[in-house]
Structure formats: C-alpha cells, structure tokens
Amino acid sequence: MRREGSPWTGLWAVVLKELADHLSSVRMQLLELLIFLTAFAATFVASRQLRATVAEDPFVYLKLFTTQQDPLPSFVAFLGFFLPLAAIALGFDSVNGEHNRRTLSRVLAQPIYRDALLLGKFLAGIVTLGISLLALWLLVTGMGLLVLGVAPSGAEVARGLLFLLSTLAYAGIWLALALVFSVIFRQPATSALAAMAVWLFFAVFWDITVQVVAQAFRPAYGGDPFAALAQVRLQLFLSRLSPNTLFAELVIALLNPEVRALGPVFITQLEGAVLNSPLPVGQSLLLAWPQFTGLLAGVLLLFAGSYVLFQRQEVRA
Amino acid sequence: MNAVIETKDLSKHYGPVIAVDRLTLTLPKGEVFGLLGPNGSGKTTTILMLLGLTDPTAGTVRVLGHDPSRNPLEVKRRVGYLPDSVGFYDELTARENLRYTARLNGLPRPEAETRITEVLGRAGLTSVADRLAGAFSRGMRQRLGLAEVLLKRPEIAILDEPTAGLDPEAAMEFLDLIRDLKAHDITVLLSSHLLHQVQAVCDRVGLFHKGKMVLEGTFDSLADQVLGGAYRITIETSRPDGLEPALRAIPGVTSLSQERPGQFKLETQVDCRAEVARRVVSAGVDLLGLALERPSLDEVYARYFRKVDHEA
C-alpha cells in the first residue's frame with residue numbers, strides 16, 4: 001500500500017525545535033563545558049611541547065591534535081572518549097521521552113509522517129554535534145595560531161576538515177545507537193544505560209575479546225609466519241567491527257601524512273617506497289576511505305533499524 | 001448524505017486480542033457523537049485508526065473522503081485530535097507549544113501568530129499564554145489541547161476522554177467549549193466513560209463493549225432499548241394498599257416497583273403523569289408527590305452491562 005504525501009513534510013519544524021531544545025538544554029551545556037575544558041587542557045599542553053620543535057615539523061598543526069604529554073592524553077583521544085557520551089546524551093530519550101511526556105500521539109496527529117519526526121531528531125542531534133565540533137576545532141586552531149605563531153598550511157586545513165567530518169560520522173554512530181535504544185526501551189534510564197553499556201563494551205572489552213577470539217581460532221605458536229599473519233588479519237578484521245577502531249584508524253591516516261598503511265605491510269610492498277615522506281591529502285583520504293564508509297554504513301544501518309522499529313511501534317502509551 | 005466519517009466492518013486485532021470488532025459507523029457533518037464504554041473496550045484504538053496512527057486489520061475507513069492509512073497527511077490536516085491525558089513540552093510556554101504545532105501544520109508565521117492568540121483566547125488561556133506548560137494544571141493542559149485542536153481549524157475534532165480527571169467545574173467549562181465546537185459546525189467525536197457529561201453534549205452515542213459497538217443511537221432511543229422505557233415517574237401517596245393494580249393498568253407503564261410503603265416508581269414509555277394522578281386520586285388516596293425523572297445514561301450503561309453479565 002502506498003502512502004500519499006511527502007515523508008519530509010514538517011521535517012524542518014522538527015529539526016528546528018529539537019535543535020533549539022538541544023542548544024538550550026543544561027545536559028548539552030554541561031557536556032560541552034566538559035569537552036571544551038579537557039580539549040583545552042590537552043591542546044595547551046601539546047602546544048607547549050610542540051613549541052620546541054616547531055621549525056622541524058612541516059605538519060605542526062596536525063600534531064596539535066595528536067600529541068600527548070603525560071598525564072594528559074591527546075586531543076583526539078579525548079574526543080574519542082567524550083564524543084560518544086555527548087552523542088548518547090543527545091539521543092537516549094528522543095523517542096521514549098516523547099512517549100513519557102505523552103506528546104508523541106499529539107505530535108503524530110499533526111500532518112507529518114513518523115519519518116519526519118525520527119529523521120528530524122537525528123538531524124538535529126548531528127547538527128548540534130557538528131556545531132560543537134566546529135567550535136572546538138576552531139578553538140584549537142586559534143590556540144595553535146597564538147601559541148605556535150605559524151599559520152596552518154592549506155593541506156593541514158583540509159586534513160583538519162576531513163578529520164572533523166569523520167569525527168562527526170563517528171559521533172553519528174553513537175547518536176543513531178542511542179536513537180535505536182530510545183525506540184526499544186520505554187524508560188530513558190534503561191536506554192541510556194544500554195547505550196553506555198555498548199560504548200563501554202567497545203571501549204574496554206572489545207580489544208580483549210578480539211585477542212582471545214583471534215588466539216582461539218587462528219592460533220600462532222612456534223613462530224610460523226603464516227599462522228601469525230592469519231591471526232593478525234583476523235584480529236584486524238574483528239577489531240574493525242568496532243566503530244572505535246575505525247575512528248582511530250581514520251584519525252591516524254588523516255592526521256599523520258606519513259602513514260601509508262593501516263595493516264600488516266610486507267617488506268616486498270615497501271620496495272621503492274620513500275619512507276617518512278608525507279602523502280598528499282587525497283592519498284591519505286584514499287587510505288582511510290574504507291574506514292570512513294564503514295562508519296557511514298554503521299550510521300545508516302543503525303538509523304534504518306530505529307526507523308523500522310519506530311514505524312512498527314504502537315503510538316498509544 | 002454528507003458523512004464525514006464512515007467505517008465499514010473495521011477491525012483491529014493485536015495478536016489473539018480483538019480490540020475492535022467489525023465496527024460500522026457513520027457520522028454526518030456537524031454531529032456530536034459520543035463513544036462510550038469501559039476502559040479497554042476499543043475506543044482509543046478506533047480513534048487511532050480514524051487518524052491513520054494504527055493500521056486496521058480489516059475493513060475500510062473513510063474520513064472526509066480519504067483513507068487514513070493511505071493519505072494520513074490530508075486527514076490529519078483537517079482533523080484535530082486531543083489524545084487521552086494530553087502532554088506538552090514542559091520547558092516551553094503554552095504559546096511556544098502551539099507555535100510548534102503551527103509549524104508542523106505548515107502555517108505561515110504571521111497567520112500562525114494570529115491564530116494562536118485567537119485559540120488561546122477561545123480556550124480561556126490568554127492570561128497564562130506565556131507561562132511554561134510544565135506549570136499547568138490538568139484542566140489547563142486539557143484546554144491547551146483543545147486550543148491546539150482549534151489551531152488547525154479542523155472539520156472534525158476527535159477528543160479522547162477530554163474530561164477525565166478534571167474537577168467538576170473544570171469539566172463543565174470544558175463541556176461548554178465542546179458545545180462551542182458544535183456551534184462552529186465542527187463534527188465532534190468524543191470518547192468517554194463519564195456518562196452524564198456525554199449525555200450533556202452528544203447528539204448521538206455508541207456504546208462499546210469488548211470491541212463491538214453494541215448499542216447506537218440517540219440517547220432516548222438507547223434508553224428505550226435498554227430500559228424498555230424512557231420515562232420514570234415517582235409518586236408518593238398516603239396509603240399503599242390496593243393502588244398497585246390500578247397503576248399497572250395505565251397504558252404505557254412497563255414496570256412498577258414500591259420503594260417504600262406508599263412510594264412507587266414507574267417506568268413508562270410515554271409521559272403519563274396526568275393519568276397517574278387521576279388514578280391515584282380516584283382510588284381515594286392522597287397524592288403527596290409526583291415527579292418525572294429522565295433516566296440518566298449512567299443507568300442505561302449500568303443496566304446494559306448488568307444484562308450482558310447476566311447473559312454471560
């Protein structure tokens with residue numbers, strides 16, 4: 001049976017309303033404060049360390065993101081840690097919150113499809129995250145200008161923007177996941193906990209699991225190089241199922257122009273290669289392209305899942 | 001026949017549970033129709049199917065000539081819905097809540113602002129228009145819901161349990177607002193289990209029981225069907241003895257019961273007070289009181305379900 005009328009009717013109204021909610025919510029402001037403070041600290045420390053080597057490094061700006069100095073982790077590491085939390089905080093009560101406030105049936109009785117409501121909520125979350133990330137990125141760049149006293153090159157800006165985009169895709173995964181749970185669970189607390197559990201699982205336990213599984217299925221004893229290779233490959237494959245790995249690899253490829261491979265490399269493949277010479281932006285992007293599309297695919301899959309579940313859900317409380 | 005809502009053999013099954021069972025209902029334009037029935041009898045499910053918020057398992061629905069599952073946007077543009085215990089965004093003011101609705105309806109901004117001011121006035125909320133909806137009492141919330149219904153200038157207003165949980169005064173005020181809808185030529189479908197209120201505003205009622213509409217019609221015809229008589233006469237006399245046969249013989253009397261010695265209750269099909277008085281007096285008995293009361297919907301309802309339970 002075909003529906004008549006556009007599924008996008010009312011999408012803008014939903015996006016604008018949700019965006020206004022997010023930007024004025026205490027929840028988001030707290031998280032932003034947290035992210036800004038930690039990012040500020042990380043970059044500040046990094047930039048002080050980098051001042052010593054400014055003249056030697058052609059990509060000093062990118063180092064701003066990745067340099068770490070004990071006890072503080074790098075800016076990127078902070079983002080990888082806090083961004084999922086922020087995305088989950090934005091999404092965990094999107095649908096069940098409407099249920100609990102008894103606004104869902106009222107809103108759906110307006111001339112819009114459910115599509116518009118769900119997509120509007122997702123887009124508003126993405127835009128909110130995008131705004132915060134852009135602000136953060138500009139802040140870091142600005143601080144780099146002040147402390148380092150060098151202007152970033154075009155390639156560095158391009159890499160920075162690509163990095164921004166992939167960070168957004170990474171955040172999108174967690175937002176979409178939170179959205180799925182907000183459709184499945186009626187209690188916002190349950191959905192928040194479920195999303196955090198998934199995040200914790202990938203952040204802490206996935207690496208351990210991957211090692212154990214790879215060891216069990218592709219045991220490598222006694223220095224057999226083929227067995228070792230098979231194990232590494234399985235490990236890499238499994239570990240790439242986690243959005244955290246994909247994001248980490250993307251960041252490595254985009255922010256370190258010298259990186260030319262994201263997996264095992266054979267000696268033969270290095271023949272004729274000029275080591276430690278930076279790749280152009282396009283080549284780095286090409287290197288990280290599978291990871292990027294992987295993240296996007298994850299976002300799409302999760303969103304599609306929430307869409308299907310939401311379409312089948314009963315409106316009544 | 002200008003029917004605005006038409007359903008034919010409309011059914012909704014949730015697994016083995018039959019929520020609505022072959023409902024056939026027609027609402028002409030401008031009517032106020034009351035859906036009556038205990039909780040869980042299928043009223044809300046019926047309403048959701050009329051709005052296209054739930055797909056029927058079988059049967060057809062036409063609302064304003066459209067099929068709500070195929071063309072819900074057109075239906076929802078012209079039908080206002082006030083859900084059971086409606087909720088609003090607590091962190092927005094009444095006006096902002098309505099502004100969101102206006103935007104969802106695609107109303108242009110200046111038009112929306114005039115309409116919002118107008119409907120807030122009609123719902124009696126002008127003085128609290130810029131207060132947070134979170135601070136609203138239940139009655140105010142309900143009225144804000146009605147203001148939202150009015151905002152889209154609907155042809156049909158569907159109100160689900162609009163007066164449930166309101167104090168008597170607030171409920172009366174709300175009923176006045178519903179009458180106001182009728183005056184504006186809006187067809188109203190309202191569901192409730194508060195019968196005297198339904199009786200006060202509805203032209204026609206349908207009684208739901210376990211997903212079926214078991215009785216339908218004007219209130220008088222319902223009373224006729226269930227009680228066997230639409231009039232009830234109480235008389236008080238000085239002496240009880242010997243009066244009963246005389247009273248029973250009055251044409252139109254369907255039942256008679258003695259409440260206390262000397263006090264009788266008669267159920268009749270016609271208003272035969274004069275005849276009753278005549279008989280009492282001619283029997284040589286003093287007539288101390290004579291009153292006519294219309295049975296209330298509560299009674300119809302209670303009697304009907306007693307009968308159903310009895311048969312089951």
# chains A, B, ... in the order shown; residues from 1 in each chain; ligands from 1
>>> interface_residues(of="chain A", to="chain B", cutoff="7 Å", atoms="only C-alpha atoms", output="count of residues only")
16
>>> residues_around(residues="Leu150 of chain B", least_positions_apart="6", cutoff="12 Å", atoms="only C-alpha atoms", output="PyMOL selection string")
chain B and resi 77-82+98+101-102+112+115-123+143-144+156-159+177-178+180-181+184+186+188
>>> atom_distance(atom1="atom CA of Asn256 of chain A", atom2="atom CA of Thr67 of chain A")
11.1 Å
>>> residues_around(residues="Phe36 of chain A", least_positions_apart="5", cutoff="12 Å", atoms="only C-alpha atoms", output="PyMOL selection string")
chain A and resi 28-31+41-44+75+78-79+82-83+132-140
>>> decode(residues="segment 56-182 of chain B", atoms="C-alpha atoms", output="compact mmCIF listing (two decimals), in the first residue's frame")
# COMPACT_ATOMS: atom_id res chain seq x y z
CA PRO B 56 -6.73 -1.58 10.64
CA THR B 57 -6.52 -5.36 10.37
CA ALA B 58 -9.61 -5.45 8.19
CA GLY B 59 -12.39 -3.23 6.97
CA THR B 60 -12.44 0.23 5.49
CA VAL B 61 -12.30 3.74 6.88
CA ARG B 62 -13.13 6.97 5.13
CA VAL B 63 -12.51 10.25 6.83
CA LEU B 64 -13.55 13.31 4.82
CA GLY B 65 -13.42 11.06 1.78
CA HIS B 66 -9.84 9.91 2.39
CA ASP B 67 -8.38 6.64 3.56
CA PRO B 68 -6.35 7.49 6.69
CA SER B 69 -3.81 4.73 6.16
CA ARG B 70 -3.13 5.80 2.60
CA ASN B 71 -3.40 9.52 2.87
CA PRO B 72 -2.87 10.36 6.53
CA LEU B 73 -1.45 13.80 5.92
CA GLU B 74 -4.61 15.09 4.28
CA VAL B 75 -6.74 13.55 7.02
CA LYS B 76 -4.56 14.89 9.82
CA ARG B 77 -4.52 18.35 8.27
CA ARG B 78 -8.29 18.55 8.59
CA VAL B 79 -8.91 16.55 11.74
CA GLY B 80 -7.94 17.78 15.18
CA TYR B 81 -7.11 15.21 17.83
CA LEU B 82 -6.94 15.65 21.56
CA PRO B 83 -5.36 12.49 22.97
CA ASP B 84 -6.23 10.89 26.26
CA SER B 85 -4.35 12.79 29.01
CA VAL B 86 -2.51 15.01 26.58
CA GLY B 87 1.06 16.11 27.29
CA PHE B 88 3.01 19.17 26.30
CA TYR B 89 6.66 20.14 26.30
CA ASP B 90 7.15 21.31 29.86
CA GLU B 91 10.09 23.53 29.10
CA LEU B 92 8.15 25.55 26.53
CA THR B 93 5.39 28.05 27.16
CA ALA B 94 1.82 27.45 26.04
CA ARG B 95 2.35 29.78 23.12
CA GLU B 96 5.60 28.08 22.08
CA ASN B 97 3.95 24.69 22.24
CA LEU B 98 1.25 25.90 19.88
CA ARG B 99 3.85 27.54 17.67
CA TYR B 100 5.49 24.15 17.15
CA THR B 101 2.14 22.65 16.20
CA ALA B 102 1.50 25.52 13.82
CA ARG B 103 4.86 24.93 12.18
CA LEU B 104 4.17 21.20 11.87
CA ASN B 105 0.96 22.15 10.13
CA GLY B 106 2.88 24.39 7.77
CA LEU B 107 1.08 27.57 8.76
CA PRO B 108 2.92 30.72 7.70
CA ARG B 109 4.30 32.64 10.66
CA PRO B 110 2.04 35.75 10.77
CA GLU B 111 -1.06 33.63 10.21
CA ALA B 112 0.08 31.26 12.96
CA GLU B 113 0.56 34.06 15.46
CA THR B 114 -2.94 35.47 14.93
CA ARG B 115 -4.48 32.02 15.14
CA ILE B 116 -2.55 31.16 18.30
CA THR B 117 -3.72 34.33 20.04
CA GLU B 118 -7.25 33.60 18.90
CA VAL B 119 -7.40 29.97 20.06
CA LEU B 120 -5.71 30.72 23.37
CA GLY B 121 -8.47 33.27 23.92
CA ARG B 122 -11.17 30.79 23.00
CA ALA B 123 -9.75 28.23 25.41
CA GLY B 124 -9.54 30.87 28.12
CA LEU B 125 -5.76 30.71 28.41
CA THR B 126 -4.82 34.24 27.37
CA SER B 127 -3.56 35.17 30.82
CA VAL B 128 -1.22 32.16 31.03
CA ALA B 129 -0.15 32.09 27.37
CA ASP B 130 3.47 32.83 28.18
CA ARG B 131 3.77 30.58 31.17
CA LEU B 132 5.62 27.27 30.96
CA ALA B 133 3.34 24.37 30.13
CA GLY B 134 5.08 22.38 32.85
CA ALA B 135 3.34 24.53 35.46
CA PHE B 136 -0.13 23.89 34.02
CA SER B 137 -2.82 22.09 35.93
CA ARG B 138 -4.57 19.20 34.31
CA GLY B 139 -7.55 21.34 33.37
CA MET B 140 -5.34 23.95 31.74
CA ARG B 141 -3.42 21.27 29.89
CA GLN B 142 -6.65 19.87 28.56
CA ARG B 143 -7.76 23.30 27.43
CA LEU B 144 -4.41 23.89 25.79
CA GLY B 145 -5.00 20.61 23.98
CA LEU B 146 -8.31 21.90 22.75
CA ALA B 147 -6.66 25.15 21.67
CA GLU B 148 -4.26 23.04 19.66
CA VAL B 149 -7.15 21.22 18.03
CA LEU B 150 -8.74 24.54 17.12
CA LEU B 151 -5.46 25.89 15.79
CA LYS B 152 -5.73 23.98 12.54
CA ARG B 153 -9.38 24.98 12.07
CA PRO B 154 -10.47 21.37 11.82
CA GLU B 155 -13.56 19.99 10.18
CA ILE B 156 -13.61 17.16 12.67
CA ALA B 157 -12.46 17.23 16.27
CA ILE B 158 -11.69 13.91 17.91
CA LEU B 159 -11.49 14.13 21.68
CA ASP B 160 -10.34 11.13 23.69
CA GLU B 161 -11.54 11.22 27.28
CA PRO B 162 -11.48 15.02 27.30
CA THR B 163 -12.89 15.45 30.78
CA ALA B 164 -11.25 12.53 32.56
CA GLY B 165 -9.52 13.66 35.72
CA LEU B 166 -10.96 17.17 35.70
CA ASP B 167 -12.71 18.61 38.71
CA PRO B 168 -16.46 19.14 38.17
CA GLU B 169 -16.15 22.82 37.48
CA ALA B 170 -13.33 22.42 35.00
CA ALA B 171 -15.27 19.61 33.35
CA MET B 172 -18.33 21.83 32.96
CA GLU B 173 -16.22 24.57 31.44
CA PHE B 174 -14.72 22.08 29.07
CA LEU B 175 -18.12 20.83 28.01
CA ASP B 176 -19.05 24.42 27.18
CA LEU B 177 -16.02 24.56 24.92
CA ILE B 178 -17.19 21.39 23.19
CA ARG B 179 -20.62 22.89 22.64
CA ASP B 180 -18.82 25.85 21.16
CA LEU B 181 -17.23 23.49 18.61
CA LYS B 182 -20.66 22.33 17.54
